[in-house]
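Undergrad: What follows is a structure written as structure tokens; I'll ask about it next.
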Amino acid sequence: MARELMKGNIAIAEAAVRAGLQAYFGYPITPQTELLEYLSQRMVELGRIFLQAESEIAAINMVYGAASTGVRVMTSSSSPGISLMQEGFSYLAGAQLPCVVVDVMRGGPGLGNILPSQGDYFQVTRSAGHGDFHPIVLAPASVQEAIDFTVLAFDLAEQYRHLVMVVADGQIGQMMEPAELPSMREVQTVGPDWALTGARGRPKRLISSIYMLGEEGEAFNRQVQARLQLIKSREQRCFEYQTEDAELLVIGYGTAGRIAYTAVEAARAAGLKVGLLRPQTLWPFPEERISTLSDSIRACLVVEMNAGQMIDDVRLAIGGQVPVDFYGRMGGVVPMPDDILAAIEETYARMTVRVRA
Amino acid sequence: MARELMKGNIAIAEAAVRAGLQAYFGYPITPQTELLEYLSQRMVELGRIFLQAESEIAAINMVYGAASTGVRVMTSSSSPGISLMQEGFSYLAGAQLPCVVVDVMRGGPGLGNILPSQGDYFQVTRSAGHGDFHPIVLAPASVQEAIDFTVLAFDLAEQYRHLVMVVADGQIGQMMEPAELPSMREVQTVGPDWALTGARGRPKRLISSIYMLGEEGEAFNRQVQARLQLIKSREQRCFEYQTEDAELLVIGYGTAGRIAYTAVEAARAAGLKVGLLRPQTLWPFPEERISTLSDSIRACLVVEMNAGQMIDDVRLAIGGQVPVDFYGRMGGVVPMPDDILAAIEETYARMTVRVRA
Amino acid sequence: MVATLIPPIEMDVIYERPTALSPVHTHYCPGCTHGIAHRLLAECLDELGLREQTVLIAPVGCSVFIYNYFEVDSCVAPHGRAPAVATGVKRVLPDRIVVTYQGDGDLVSIGAGEVLHAAARGERITTVFINNAVYGMTGGQMAPTTLPGQKTTSSPAGRDIRMTGNPIRMSEVIAQLGGAVYVVRRSLHDVANIRKAKKAILTALKVQMAGLGFSLVELLSTCPTNWGMSPPEAMEWVERHMVPVFPLGDFKVTDAVKDL
Amino acid sequence: MVATLIPPIEMDVIYERPTALSPVHTHYCPGCTHGIAHRLLAECLDELGLREQTVLIAPVGCSVFIYNYFEVDSCVAPHGRAPAVATGVKRVLPDRIVVTYQGDGDLVSIGAGEVLHAAARGERITTVFINNAVYGMTGGQMAPTTLPGQKTTSSPAGRDIRMTGNPIRMSEVIAQLGGAVYVVRRSLHDVANIRKAKKAILTALKVQMAGLGFSLVELLSTCPTNWGMSPPEAMEWVERHMVPVFPLGDFKVTDAVKDL
Amino acid sequence: MTSGTIVIDQERCKGCGLCPTVCPQHVIHLLDDQLNARGYHPAALVDPEGHCTGCGICAVICPDVCITVYREARAARRPVMA
Amino acid sequence: MTSGTIVIDQERCKGCGLCPTVCPQHVIHLLDDQLNARGYHPAALVDPEGHCTGCGICAVICPDVCITVYREARAARRPVMA
Amino acid sequence: MQKEFLFAGFGGQGVMFAGQLLAHAAMSAGLEVTWIPSYGPEMRGGTAHCFVVISDSPIGSPISKHPQAAVVFNNPSFARYEPIVAAGGVLAYNSTLITQSSQRTDILLLPVPATQIADEVGDLRLANVVMLGAVLTAFPALPLDIIKRALEEHLPERRRHLLPLNLQALEAGAAHAQRFVQPA
Amino acid sequence: MQKEFLFAGFGGQGVMFAGQLLAHAAMSAGLEVTWIPSYGPEMRGGTAHCFVVISDSPIGSPISKHPQAAVVFNNPSFARYEPIVAAGGVLAYNSTLITQSSQRTDILLLPVPATQIADEVGDLRLANVVMLGAVLTAFPALPLDIIKRALEEHLPERRRHLLPLNLQALEAGAAHAQRFVQPA
Ligand SMILES: Cc1ncc(C[n+]2csc(CCOP(=O)(O)OP(=O)(O)O)c2C)c(N)n1
Ligand SMILES: Cc1ncc(C[n+]2csc(CCOP(=O)(O)OP(=O)(O)O)c2C)c(N)n1
Ligand code: SF4
Ligand code: SF4
Ligand code: SF4
Ligand code: SF4
Ligand code: SF4
Ligand code: SF4
Ligand SMILES: [Mg+2]
Ligand SMILES: [Mg+2]
């Protein structure tokens, strides 16, 4: 396939279609609305299911229903809408249903604004609803990654019977970049052996998340935790740039990570031994790689478009071995390469002083 | 006042009344429903406002409206209902409205069950909605603390114009214990200078969380973060037992912490140098005290009724200085003192071996 | 005590358990008419031969365990969201029969938006709506269908309509919506009404089989436990107090439905 | 260009900006009738002397910034939740006037449950409901009020009623609810109708002042931008296409209201 | 005139007392002196003189589907719920 | 017959073109050759012969409340929106 | 010393009230105490139970895996709780209704024909108080007098006139249990 | 080398299309490129802008605090963006509509009577293409030929018949700008 100039939101939508999306349910919200709009045409053309729900809550519950039948299903929203879906996420996790949720994050809290943000990090990685679970969270930093991760999201969702989120921000959603789409996959026709299809000639099936007795509840949770451990051991992903000999490791994901790339390039040009690690999975967090790198680095700088959320994961991965600095912008502000470069220089200077002292 | 035998849910309700609760909005959900039921009688008797909302979403938005007028207002729910309130929490935070939310946690994810749990730790401490904020989170371990923390919650909410959560579990909600209620406070009649009351003879006022421009959004978020820092520096609270000379520090909150107390008592009786730290504020987490103690202890055991959530905060506070073990029960199972004692003994043994080696 | 389950010789079985019902005990309180509603639905599934192509959406409410009681595929929806879940299922499986079974708290209170929109869209699903004027499962709080003056655990002095309004007649509301083609209210308080209720469920399922649109059967039902009455008293209470507030009748039967 | 704002000598001011409106520019598109609705509400507040005792609840939608335009206390509700927020305010301040201003996406789609219940409870609030058959703010997606066949950015081939149902006539639905005492639909598409719309808002506010219950005025409104029309064309489109689907009229006027 | 009879699954019966109130022949009674395993006084057919007609009305009201109804073989079948 | 006139706040005007369509005297026009600071062609009263009656209809339709309406002092006041 | 009681039976058998009475009594005796019910839908149509823990130092768990005293009112509760009574503990059961029996030799088995005794006292519903009197005789966590005072204070208004009968039932239960208790 | 363009004007002035054209051209030239609009309600009735960044290596930020080239179509955009053009950069502005002026001496000021030129070419709406021709002459990030090919490929169907006029407008803009550019 040739590279095309594509908007992030549209690219995600088309990638989902090609990955075999059979049903989409969503509710408009800036800055992801083009995704829904695109699918309102595309899915109908293909004879697949598109339905604009009356709310985000309805959308996630339609997703829950459709996922119960074993097909590939998706919804998309942005921060306030994601908040409204929390109960639904928890039910999906409790019922072990695969599905894909796209969150094109915007500035918060509250109504906030429609500018790019990474303010939902905690919400998506830590507690996408009550109870113990984590969605798999993929964080693209370019339109190409948005495409690739959307496809991956469906595969992981199905493989692990798990909720997978693709978490971008308004900038990635709105930006056009050249990127290549995968070819169209066949839509699956035979569903998995837990899917609801009517109990014709087989025992009845149940999709639920009730475990009335503590023992049942615990047994189920153990199973979930075991699956999460498996995912953790297998699916940590990150992109690295000049980390081999880096003394200062910059860590940022999505847009912040991409902009940090430019800053790291500039820092290298200025002779600073700086590297970049850009987590591509936010959950599972690439802690192994960071932990390994923490043996060779002398400091770390976390860059986020929020008040400091992933920094907890970085600290946990590093375990106190080296100091972790933070540079963050909030409320819809996107840092510029210069800003990050300045933060790099500051941390770098401090790091050098520290060693001298 | 004399001690009375009181159920946790009722104690919280009556404590709120005595702290000056002027309006309550809620939706029934086990295991907190008695709280709502009690107030349906009590508030009406007192001529105050009680309204059963049509849903948790309506409830939290009624709270938002009532809080806008500057009065003391509360809602209560349990895990799935708390998930549904996430957007509302974020709006409350974005609009800087004081209010109190009680979460009597139950087993999850999904519908789960109605047994005691601590599965909402991440949800309440990390991301009670999209965007960057943390509610103040108080975690009582007894009916008496449930009373005291409810009163404290209102005071903190007002002092910081902030969302305060009282987070218990089904066991604390359902249990009767002797406890003492505070005396009735006067209900405030003059509202704060930001309250909506109709713009009579003064400039109009606005309660909102819109910050259309990134700079505005960032400035607002800075203000929020500064407030959170202030709270962090002032409001960390915990209960300690035999920590002075402890080599193994057990950390648990709420019901888990209370049961751990018995286990620590037993361990001490068996000659083990074990202490207990029971966080009373989950946010801000009592990291200072734990960090201090981490200089004198040799290991740490975190006990929770979930798959391990607070353990992140403990690890962050300890910063890798000593190993942190975990004992958790999930899905509505409450650990018994014996279970925790066994976990203590195991960690203790490992700790001793480690030193010998 | 040993139950006598040996059939009398030389007699025909006139009535026996529908096969769509699982052979298990239910958790319902004695005399709770949820059980009657279950049986009627099961009989209809049997008669129409739908058991193997039905997906049942359970609510959160006393009937949350309905999946234990029916020999069909089922799915437990979050509280109030059954119509949205059903929409998801039905859109993917348009040739299956999708039934939601919901209480008044579930359908009228927290889930008002979802049922309203499913009806408006004309989702080809069937909703069995059990109106017992109370939140049964959580211990008898006021519902939007609680009668004026009715005492509940959250309206201890009786429902005060000045503060909480009059009961919502949801069938009448839903009948307003374009996509709803069959909307009726029946009652389970005596044998004659139970027979009418069954006919309505049968029609509702046929409406779905014919793909005509959204169908809803509201059933006035008892909650002896939370009403603090014996089951026979509860039946009488439905007749004397609920029926006047929730009149039985057909609120929408489109021509296409009449032609069925 | 300098605007001439000097009043002509020896003439009386027959019409000028209501004082309840703030002296600022609005962000609305040219010809958007949100502006007319604002003005009418402001005139009514002025005439009834309510400006200083009103709390206005803004929705999420194009009118989210309404608080900039009115000289009253206001509060921005989450999308669809204005009636719940208004309930919170009104219960605490029963002697203030609480008005929600909501679009059709806000009120009919995501917020259907909240408005339905506020109406059922008979909350003593007033809702101004701007029906422009589209989600204006987010760029023109289909709303539950979008007309059959109408092209929007999420129904690019025109609204397909087989898949999405017919438009919801929300006033008719709300009129079914006990606590709603004044529910009418008016239009803003020409001068005569604008005048009627104002009368309705005035009545709705009086209903609230008298504490009679829930009042709602639906206003058919334009969205020239997302309809892809000039403002005059949009006015005509309302008359020719919207009014037939959303008939103007009084859906509920209780006797107490008539007596006002 | 034993034209019909019923069999009550007494372990399933919750003693709700509805069937006794509807039986036109008054041949069903709760056994006040017996408890089944789940603690209920079950209903029983007490029909020494064979008054039960097999009308099925009891089965129509039973919320717990405890009642199977029989009628004399020759009688034309009329489904109870038709 | 100058019985009335209007003043249009042209900086506030968005050139929507509604007032010209409703004025019974056809004395309002958009200035196609002028743009205000916000990029709109504002409306203007073009009434050299004083046809404006001060009827206020233009003010009734203006979504941006740009129009103030005046009428000869002696004329009995009739509020536009009464 | 911590003393753990379990009360279990059908809803309506007064199980919760018996537990609460004990808890009130413990509180007025100046002891630490917790009472906790089983709650929620699993109660519906099934059995209900509550735990009471009494102690002279802070109580950790209000629930016990192996209560020292179990007071059971029906067959299902007997089946469920008989195995978990702590060794050396007491299993008091309403032998009017319970037809099962125990093989355990490490606990004191205390059959109490409570319904029958209550009937004799004059009110079938007093079986719960009979059982309380009995269990406290076999497992004397609190003196009976304190229970009597608790009865006086906490009998619900509408049953206040039954106080004398309640006291009688308590005594009768105690008297019955006396037989099973080793002479002090 | 990274080249950053800002296009800004009223909605409807073709600002977005001019930027996209440039982005398409850059892509077909085998370069890295990003295009990003301002989006959402703040556009309503206000100004719209987009950034285009072209580079031969991966692009970090699609937005720039100090773009090297700003192409502005109206007064508000001039006011807002004139101060932020990078030193040494170009500020191209539609001088038919813009009445403001700049005091900056560290950038190339490029007044283009674009609306007038477009009118002369035959279609007022082509002012955006005129501006693009002009700015690419003053700040030659891409050869004009590639833009022409992009026009051929990306002109929307319903305006395809205007391709010759578009090419003319591009040329006319370039020709006008030639005067301001130092002879190579
Ligand atoms: C989000 C959420 N809120 C509240 C609850 C608690 N809850 C469970 S069932 C129920 C009400 C059930 O009432 P109804 O729908 O009338 O059913 P019934 O039990 O009367 O048949 C409630 C409020 C819940 N499980 N989830
Ligand atoms: C929870 C949530 N979902 C979605 C949105 C995005 N959103 C903002 S306004 C709007 C629709 C507005 O349409 P309407 O209510 O008809 O108002 P209009 O703009 O047409 O006046 C939507 C979907 C949001 N802000 N919050
Ligand atoms: S609580 Fe009420 S609705 Fe629920 S099972 Fe019991 S009687 Fe039926
Ligand atoms: S988008 Fe539509 S509703 Fe919104 S301001 Fe513009 S014309 Fe009005
Ligand atoms: S079948 Fe008829 S007559 Fe026989 S027991 Fe039942 S109700 Fe009575
Ligand atoms: S109706 Fe059924 S459950 Fe009730 S008493 Fe009769 S047989 Fe038993
Ligand atoms: S006041 Fe009447 S006549 Fe005068 S300009 Fe306005 S509409 Fe025309
Ligand atoms: S109606 Fe108002 S905004 Fe529109 S053209 Fe006339 S004066 Fe301008
Ligand atoms: Mg109910
Ligand atoms: Mg709209």
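Here's how to read the names in the structure tokens: chain A, B, ... by the order shown, residue numbers from 1 in each chain, ligand numbers from 1 in the order shown.
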For chain B, which residues have at least one atom within 6 Å of chain G, if we go by only C-alpha atoms? Write them as a list in words, please.
TA: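 Result, ordered by chain then number: Met175, Met176, Glu177, Arg258, Ile259 and Thr262 of chain B.
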Undergrad: Give the residue list for ligand 6 at 10 Å, counting only C-alpha atoms and all ligand atoms, as an MDAnalysis selection string, sorted by chain and then by residue number.
TA: (chainID C and resid 29:32 35:36 231:232) or (chainID E and resid 7:23 28:31 40:45 58:68)
Undergrad: From the set G:Leu167, G:Val71, G:Ala25, G:Leu162, which residue has the shortest atom-to-atom contact distance to Met131 in chain G, counting only C-alpha atoms?
TA: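 Checking each of G:Leu167, G:Val71, G:Ala25, G:Leu162 against Met131 in chain G, counting only C-alpha atoms, the winner is G:Val71.
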Undergrad: Set the cut-off to 9 Å and count only C-alpha atoms: what are the residues of chain D that reach chain H? Output as a PyMOL selection string.
TA: chain D and resi 27-30+62+137-139
Undergrad: Generate the output file for the selected residues, all heavy atoms, as an mmCIF file, in the first residue's frame.
TA:
```cif
data_model
loop_
_atom_site.group_PDB
_atom_site.id
_atom_site.type_symbol
_atom_site.label_atom_id
_atom_site.label_comp_id
_atom_site.auth_asym_id
_atom_site.auth_seq_id
_atom_site.Cartn_x
_atom_site.Cartn_y
_atom_site.Cartn_z
ATOM 1 N N HIS D 27 -20.431 34.356 20.397
ATOM 2 C CA HIS D 27 -19.626 33.547 19.468
ATOM 3 C C HIS D 27 -20.507 32.830 18.450
ATOM 4 O O HIS D 27 -20.021 32.040 17.665
ATOM 5 C CB HIS D 27 -18.853 32.500 20.270
ATOM 6 C CG HIS D 27 -19.750 31.441 20.836
ATOM 7 N ND1 HIS D 27 -20.713 31.724 21.793
ATOM 8 C CD2 HIS D 27 -19.899 30.137 20.534
ATOM 9 C CE1 HIS D 27 -21.392 30.628 22.065
ATOM 10 N NE2 HIS D 27 -20.930 29.642 21.332
ATOM 11 N N TYR D 28 -21.811 33.088 18.479
ATOM 12 C CA TYR D 28 -22.695 32.354 17.575
ATOM 13 C C TYR D 28 -22.447 32.721 16.118
ATOM 14 O O TYR D 28 -22.025 33.828 15.803
ATOM 15 C CB TYR D 28 -24.164 32.627 17.933
ATOM 16 C CG TYR D 28 -24.535 32.102 19.295
ATOM 17 C CD1 TYR D 28 -24.844 32.969 20.336
ATOM 18 C CD2 TYR D 28 -24.539 30.732 19.546
ATOM 19 C CE1 TYR D 28 -25.162 32.488 21.600
ATOM 20 C CE2 TYR D 28 -24.862 30.242 20.807
ATOM 21 C CZ TYR D 28 -25.164 31.126 21.830
ATOM 22 O OH TYR D 28 -25.463 30.656 23.068
ATOM 23 N N CYS D 29 -22.733 31.793 15.245
ATOM 24 C CA CYS D 29 -22.593 32.038 13.821
ATOM 25 C C CYS D 29 -23.617 33.091 13.394
ATOM 26 O O CYS D 29 -24.657 33.255 14.042
ATOM 27 C CB CYS D 29 -22.866 30.764 13.022
ATOM 28 S SG CYS D 29 -21.838 29.368 13.497
ATOM 29 N N PRO D 30 -23.350 33.748 12.281
ATOM 30 C CA PRO D 30 -24.316 34.734 11.786
ATOM 31 C C PRO D 30 -25.681 34.104 11.571
ATOM 32 O O PRO D 30 -25.788 33.024 11.003
ATOM 33 C CB PRO D 30 -23.701 35.165 10.439
ATOM 34 C CG PRO D 30 -22.235 34.892 10.575
ATOM 35 C CD PRO D 30 -22.134 33.676 11.463
ATOM 36 N N CYS D 62 -23.674 24.572 21.661
ATOM 37 C CA CYS D 62 -23.227 25.891 21.220
ATOM 38 C C CYS D 62 -23.495 26.961 22.266
ATOM 39 O O CYS D 62 -22.810 27.962 22.333
ATOM 40 C CB CYS D 62 -23.883 26.253 19.895
ATOM 41 S SG CYS D 62 -22.960 25.553 18.512
ATOM 42 N N MET D 137 -22.634 22.334 18.123
ATOM 43 C CA MET D 137 -21.281 22.628 18.577
ATOM 44 C C MET D 137 -20.222 21.675 18.030
ATOM 45 O O MET D 137 -19.110 22.080 17.736
ATOM 46 C CB MET D 137 -21.222 22.585 20.095
ATOM 47 C CG MET D 137 -19.818 22.943 20.585
ATOM 48 S SD MET D 137 -19.717 22.832 22.352
ATOM 49 C CE MET D 137 -18.905 24.379 22.703
ATOM 50 N N THR D 138 -20.560 20.412 17.942
ATOM 51 C CA THR D 138 -19.551 19.448 17.521
ATOM 52 C C THR D 138 -19.472 19.306 16.004
ATOM 53 O O THR D 138 -18.770 18.435 15.506
ATOM 54 C CB THR D 138 -19.830 18.078 18.169
ATOM 55 O OG1 THR D 138 -21.229 17.802 18.071
ATOM 56 C CG2 THR D 138 -19.428 18.069 19.618
ATOM 57 N N GLY D 139 -20.234 20.133 15.294
ATOM 58 C CA GLY D 139 -20.056 20.159 13.851
ATOM 59 C C GLY D 139 -21.143 19.480 13.046
ATOM 60 O O GLY D 139 -20.895 19.021 11.933
#
```
Undergrad: Name the residues, by chain letter and number, that sit within 6 Å of ligand 7 using only C-alpha atoms and all ligand atoms, and give them as a list in words.
TA: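 Taking only C-alpha atoms and all ligand atoms into account, the residues around ligand 7 at most 6 Å away are Thr5, Ile6, Cys23, Pro24, Gln25, Val27, Ile28, Cys52, Thr53, Gly54, Cys55, Gly56, Ile57, Cys58 and Val69 of chain F.
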Undergrad: Select, as a tab-separated table (two decimals) with N, CA, C and O atoms, in the first residue's frame, those residues of chain C with any atom no more than 10 Å from chain B (distances computed using only C-alpha atoms).
TA:
```
chain	number	residue	atom	x	y	z
C	60	VAL	N	-30.26	-5.31	36.57
C	60	VAL	CA	-29.87	-5.41	37.97
C	60	VAL	C	-31.12	-5.06	38.77
C	60	VAL	O	-31.72	-4.02	38.57
C	64	VAL	N	-31.97	-10.20	38.66
C	64	VAL	CA	-30.61	-10.25	38.09
C	64	VAL	C	-30.17	-11.69	37.81
C	64	VAL	O	-29.38	-11.94	36.93
C	76	VAL	N	-25.94	-10.25	31.57
C	76	VAL	CA	-26.37	-9.35	32.63
C	76	VAL	C	-25.92	-7.93	32.31
C	76	VAL	O	-24.72	-7.67	32.22
C	77	ALA	N	-26.85	-7.06	32.12
C	77	ALA	CA	-26.54	-5.67	31.80
C	77	ALA	C	-26.27	-4.87	33.07
C	77	ALA	O	-26.79	-5.21	34.12
C	78	PRO	N	-25.50	-3.81	32.97
C	78	PRO	CA	-25.42	-2.88	34.10
C	78	PRO	C	-26.81	-2.31	34.40
C	78	PRO	O	-27.68	-2.27	33.52
C	79	HIS	N	-26.98	-1.87	35.63
C	79	HIS	CA	-28.28	-1.37	36.11
C	79	HIS	C	-28.85	-0.32	35.15
C	79	HIS	O	-28.25	0.73	34.93
C	80	GLY	N	-29.99	-0.63	34.58
C	80	GLY	CA	-30.69	0.31	33.70
C	80	GLY	C	-30.31	0.26	32.24
C	80	GLY	O	-30.99	0.85	31.41
C	105	GLY	N	-37.22	0.15	38.90
C	105	GLY	CA	-36.06	0.97	39.22
C	105	GLY	C	-35.12	0.99	38.03
C	105	GLY	O	-34.65	2.04	37.60
C	106	ASP	N	-34.90	-0.17	37.50
C	106	ASP	CA	-33.98	-0.33	36.38
C	106	ASP	C	-34.46	0.43	35.15
C	106	ASP	O	-33.71	1.18	34.53
C	108	VAL	N	-37.36	2.55	34.73
C	108	VAL	CA	-37.95	3.89	34.81
C	108	VAL	C	-36.99	4.89	35.45
C	108	VAL	O	-36.99	6.06	35.12
C	109	SER	N	-36.17	4.40	36.38
C	109	SER	CA	-35.34	5.36	37.09
C	109	SER	C	-34.00	5.53	36.37
C	109	SER	O	-33.87	6.33	35.45
C	110	ILE	N	-33.04	4.71	36.69
C	110	ILE	CA	-31.69	4.92	36.15
C	110	ILE	C	-31.63	4.70	34.65
C	110	ILE	O	-30.84	5.32	33.94
C	111	GLY	N	-32.51	3.83	34.13
C	111	GLY	CA	-32.43	3.47	32.72
C	111	GLY	C	-33.47	4.14	31.84
C	111	GLY	O	-33.69	3.69	30.72
C	112	ALA	N	-34.06	5.22	32.30
C	112	ALA	CA	-35.10	5.88	31.51
C	112	ALA	C	-34.58	6.29	30.14
C	112	ALA	O	-35.25	6.12	29.12
C	135	TYR	N	-38.10	-0.60	44.77
C	135	TYR	CA	-36.82	-1.24	44.49
C	135	TYR	C	-36.78	-2.50	45.34
C	135	TYR	O	-36.49	-2.43	46.53
C	137	MET	N	-34.77	-5.39	45.14
C	137	MET	CA	-33.51	-6.01	45.51
C	137	MET	C	-32.77	-5.28	46.62
C	137	MET	O	-32.14	-5.91	47.48
C	138	THR	N	-32.80	-3.97	46.60
C	138	THR	CA	-32.02	-3.23	47.58
C	138	THR	C	-32.79	-3.00	48.87
C	138	THR	O	-32.32	-2.28	49.74
C	139	GLY	N	-33.99	-3.56	48.96
C	139	GLY	CA	-34.66	-3.53	50.24
C	139	GLY	C	-35.83	-2.58	50.33
C	139	GLY	O	-36.16	-2.11	51.42
C	140	GLY	N	-36.43	-2.26	49.19
C	140	GLY	CA	-37.71	-1.59	49.27
C	140	GLY	C	-37.68	-0.08	49.31
C	140	GLY	O	-38.52	0.56	49.97
C	141	GLN	N	-36.75	0.54	48.57
C	141	GLN	CA	-36.78	2.00	48.52
C	141	GLN	C	-37.84	2.47	47.52
C	141	GLN	O	-38.37	1.70	46.72
C	142	MET	N	-38.09	3.75	47.57
C	142	MET	CA	-39.03	4.37	46.66
C	142	MET	C	-38.54	4.24	45.22
C	142	MET	O	-37.35	4.40	44.95
C	143	ALA	N	-39.45	3.96	44.32
C	143	ALA	CA	-39.16	3.95	42.90
C	143	ALA	C	-39.93	5.10	42.26
C	143	ALA	O	-40.81	5.68	42.90
C	144	PRO	N	-39.65	5.41	41.00
C	144	PRO	CA	-40.44	6.46	40.35
C	144	PRO	C	-41.89	6.02	40.16
C	144	PRO	O	-42.74	6.83	39.85
C	152	THR	N	-42.13	3.55	51.94
C	152	THR	CA	-41.01	2.70	51.54
C	152	THR	C	-39.86	3.03	52.47
C	152	THR	O	-39.95	3.97	53.27
C	153	THR	N	-38.77	2.31	52.33
C	153	THR	CA	-37.64	2.56	53.23
C	153	THR	C	-36.96	3.90	52.94
C	153	THR	O	-36.17	4.37	53.75
C	154	SER	N	-37.25	4.49	51.79
C	154	SER	CA	-36.69	5.82	51.55
C	154	SER	C	-37.77	6.89	51.44
C	154	SER	O	-37.49	8.03	51.09
C	155	SER	N	-38.99	6.50	51.73
C	155	SER	CA	-40.08	7.49	51.90
C	155	SER	C	-40.87	7.03	53.11
C	155	SER	O	-42.03	6.64	53.00
C	156	PRO	N	-40.21	7.07	54.28
C	156	PRO	CA	-40.81	6.45	55.46
C	156	PRO	C	-42.13	7.08	55.87
C	156	PRO	O	-42.96	6.42	56.50
C	157	ALA	N	-42.34	8.33	55.49
C	157	ALA	CA	-43.61	8.95	55.85
C	157	ALA	C	-44.61	8.82	54.70
C	157	ALA	O	-45.67	9.45	54.72
C	163	MET	N	-42.75	16.73	46.77
C	163	MET	CA	-41.29	16.72	46.68
C	163	MET	C	-40.77	15.77	45.60
C	163	MET	O	-39.69	15.96	45.08
C	164	THR	N	-41.52	14.73	45.32
C	164	THR	CA	-40.99	13.71	44.40
C	164	THR	C	-41.87	13.48	43.19
C	164	THR	O	-41.56	12.63	42.36
```
Undergrad: Compute the set of chain G residues within 12 Å of chain E, using only C-alpha atoms, and express it as number ranges by chain.
TA: G: 9-13, 44-47, 73-77, 79, 97-100
Undergrad: Could those residues be written to a file, using C-alpha atoms, as a compact mmCIF listing (two decimals), in the first residue's frame?
TA:
```txt
# COMPACT_ATOMS: atom_id res chain seq x y z
CA GLY G 9 -31.35 -18.98 61.09
CA PHE G 10 -34.16 -18.09 58.74
CA GLY G 11 -35.09 -14.45 58.39
CA GLY G 12 -37.84 -13.79 60.89
CA GLN G 13 -36.49 -16.09 63.57
CA ARG G 44 -33.65 -13.25 50.28
CA GLY G 45 -35.52 -16.44 51.09
CA GLY G 46 -32.40 -17.93 52.57
CA THR G 47 -30.71 -17.86 55.88
CA PHE G 73 -32.01 -21.90 64.45
CA ASN G 74 -32.61 -24.13 61.43
CA ASN G 75 -31.28 -27.09 59.49
CA PRO G 76 -29.42 -25.21 56.75
CA SER G 77 -27.61 -23.12 59.35
CA ALA G 79 -25.27 -27.83 58.27
CA LEU G 97 -36.67 -27.41 64.45
CA ILE G 98 -33.29 -28.95 63.80
CA THR G 99 -33.31 -32.59 62.93
CA GLN G 100 -29.62 -32.97 62.19
```
Undergrad: Name the residues in contact with range 110-123 of chain H at a cut-off of 6 Å, using only C-alpha atoms, excluding same-chain residues fewer than 5 positions from it; report them as a PyMOL selection string.
TA: chain H and resi 91-96+130
Undergrad: Residues within 7 Å of range 120-132 of chain B, please, as a PyMOL selection string. Count only C-alpha atoms; anything in the same chain fewer than 2 positions from it doesn't count.
TA: (chain A and resi 79-80+83+107-109+119-120+122-123+126-127+129-131+306-307) or (chain B and resi 79+86-87+89-90+105+118+134-135+137+282-283+309-310)
Undergrad: Please determine the contact residues of chain C with respect to chain E at a cut-off of 9 Å, counting only C-alpha atoms, and supply them as a PyMOL selection string.
TA: chain C and resi 1-8+10-18+24-26+28-40+43+188-191+194-195+198-199+230-232+235
Undergrad: Can you tell me how far CA of Asp313 in chain A sits from CA of Arg289 in chain A, in Å to one decimal?
TA: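 Interatomic distance, CA of Asp313 in chain A to CA of Arg289 in chain A: 12.5 Å.
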